[in-house]
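Below: one structure, written as structure tokens.
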Amino acid sequence: MAEDWLPCQTEWLRLYRRVRALTRRDDAEDHLQAALLNYFERPQGTVASPEAYITRSALNLSLNARKREQNGCVAPADRNEMLVEVRDPAPSQEEAYAATQLMARFQEGCAQLPEKTRQAFLLNRVEKMKYRDIAATLDISESSVEKHIAKALVFLSSWVNH
């Protein structure tokens with residue numbers, strides 16, 4: 001009789017192992033307990049197969065938890081529990097200042113580059129032009145374009161970091 005179904009310790013362990021194997025999550029027991037509670041809250045006689053109902057419910061709870069985690073949505077465990085720290089996606093003032101300083105240093109470095117090297121570098125990195133197009137624009141060989149860009153990268157990396 002389905003409504004008289006009550007798991008004993010061995011039945012609980014078997015259900016736990018099944019849910020744990022299917023979800024591969026450490027919180028499988030939590031989901032199994034919640035599913036069992038959901039089963040007992042339903043009116044008697046509404047569930048034909050308690051074991052299947054509890055297993056499916058635990059799997060669904062696990063999938064929901066995984067989706068919440070992937071979306072960055074974590075619900076508090078207790079109503080009184082408050083979120084202590086929520087990360088603002090916008091950069092902090094310190095990060096914005098550091099980025100501004102880094103960009104200024106980069107622009108100073110670009111100004112120090114020889115004209116052809118600067119042009120080749122900016123056409124490649126800012127305008128996203130291919131080496132052959134840069135070569136045609138600057139009237140130099142592709143090999144020269146490669147050398148100019150390599151020279152700019154080496155110089156700018158040491159300029160910005162020092």
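Identifiers in the structure tokens: chain A, B, ... in order shown; residue index from 1 per chain; ligand index from 1 in order shown.
Near Ala52 in chain A, within 12 Å and counting only C-alpha atoms, sit A:Ala2, A:Trp5, A:Leu15, A:Arg18, A:Val19, A:Leu32, A:Ala35, A:Leu36, A:Tyr39, A:Val47, A:Ala48, A:Ser49, A:Pro50, A:Ile54, A:Thr55, A:Arg56, A:Ser57, A:Ala58, A:Leu59, not including residues fewer than 2 positions from it in the same chain.
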*When you draw a straight line from CA of Gln33 in chain A to CA of Leu61 in chain A, how long is it in Å?*
10.5 Å
*Residues of range 26-127 of chain A in helix (DSSP H, G or I) according to DSSP, as JSON, numbers by chain?*
{"A": [28, 29, 30, 31, 32, 33, 34, 35, 36, 37, 38, 39, 40, 41, 50, 51, 52, 53, 54, 55, 56, 57, 58, 59, 60, 61, 62, 63, 64, 65, 66, 67, 68, 69, 70, 93, 94, 95, 96, 97, 98, 99, 100, 101, 102, 103, 104, 105, 106, 107, 108, 109, 110, 111, 112, 115, 116, 117, 118, 119, 120, 121, 122, 123, 124, 125]}
*Which polymer residues have any atom within 7 Å of an atom of range 112-120 of chain A, counting only C-alpha atoms, with same-chain residues fewer than 6 positions away left out, as a PyMOL selection string?*
chain A and resi 134+145+148-149+152
_I'd like to know which of A:Ala34, A:Cys110, A:Ala65, A:Ala28 is closest to Ser157 in chain A, using only C-alpha atoms._
A:Cys110
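Straight-line separation from CA of Thr23 in chain A to CA of Ser62 in chain A: 6.8 Å.
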*Near Glu108 in chain A, counting only C-alpha atoms, which residues have an atom at most 10 Å away, once you skip same-chain residues fewer than 6 positions from it, shown as a VMD selection string?*
chain A and resid 102 156 159 to 160
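In terms of minimum interatomic distance to Glu51 in chain A, A:Glu11 ranks closest within A:Ala150, A:Glu11, A:Leu138, A:Tyr97, counting only C-alpha atoms.
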*asked:* So, with only C-alpha atoms as the atoms that count, which of A:Glu127, A:Glu94, A:Leu63, A:Ala136 lies closest to His31 in chain A?
replied: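 Closest candidate: A:Leu63.
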*asked:* Using only C-alpha atoms, can you tell me which of A:Asn60, A:Asn161, A:Leu123, A:Lys128 comes closest to Leu22 in chain A?
replied: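 Of A:Asn60, A:Asn161, A:Leu123, A:Lys128, the one nearest Leu22 in chain A, counting only C-alpha atoms, is A:Asn60.
What separates CA of Gln107 in chain A from CA of Lys130 in chain A is a distance of 22.2 Å.
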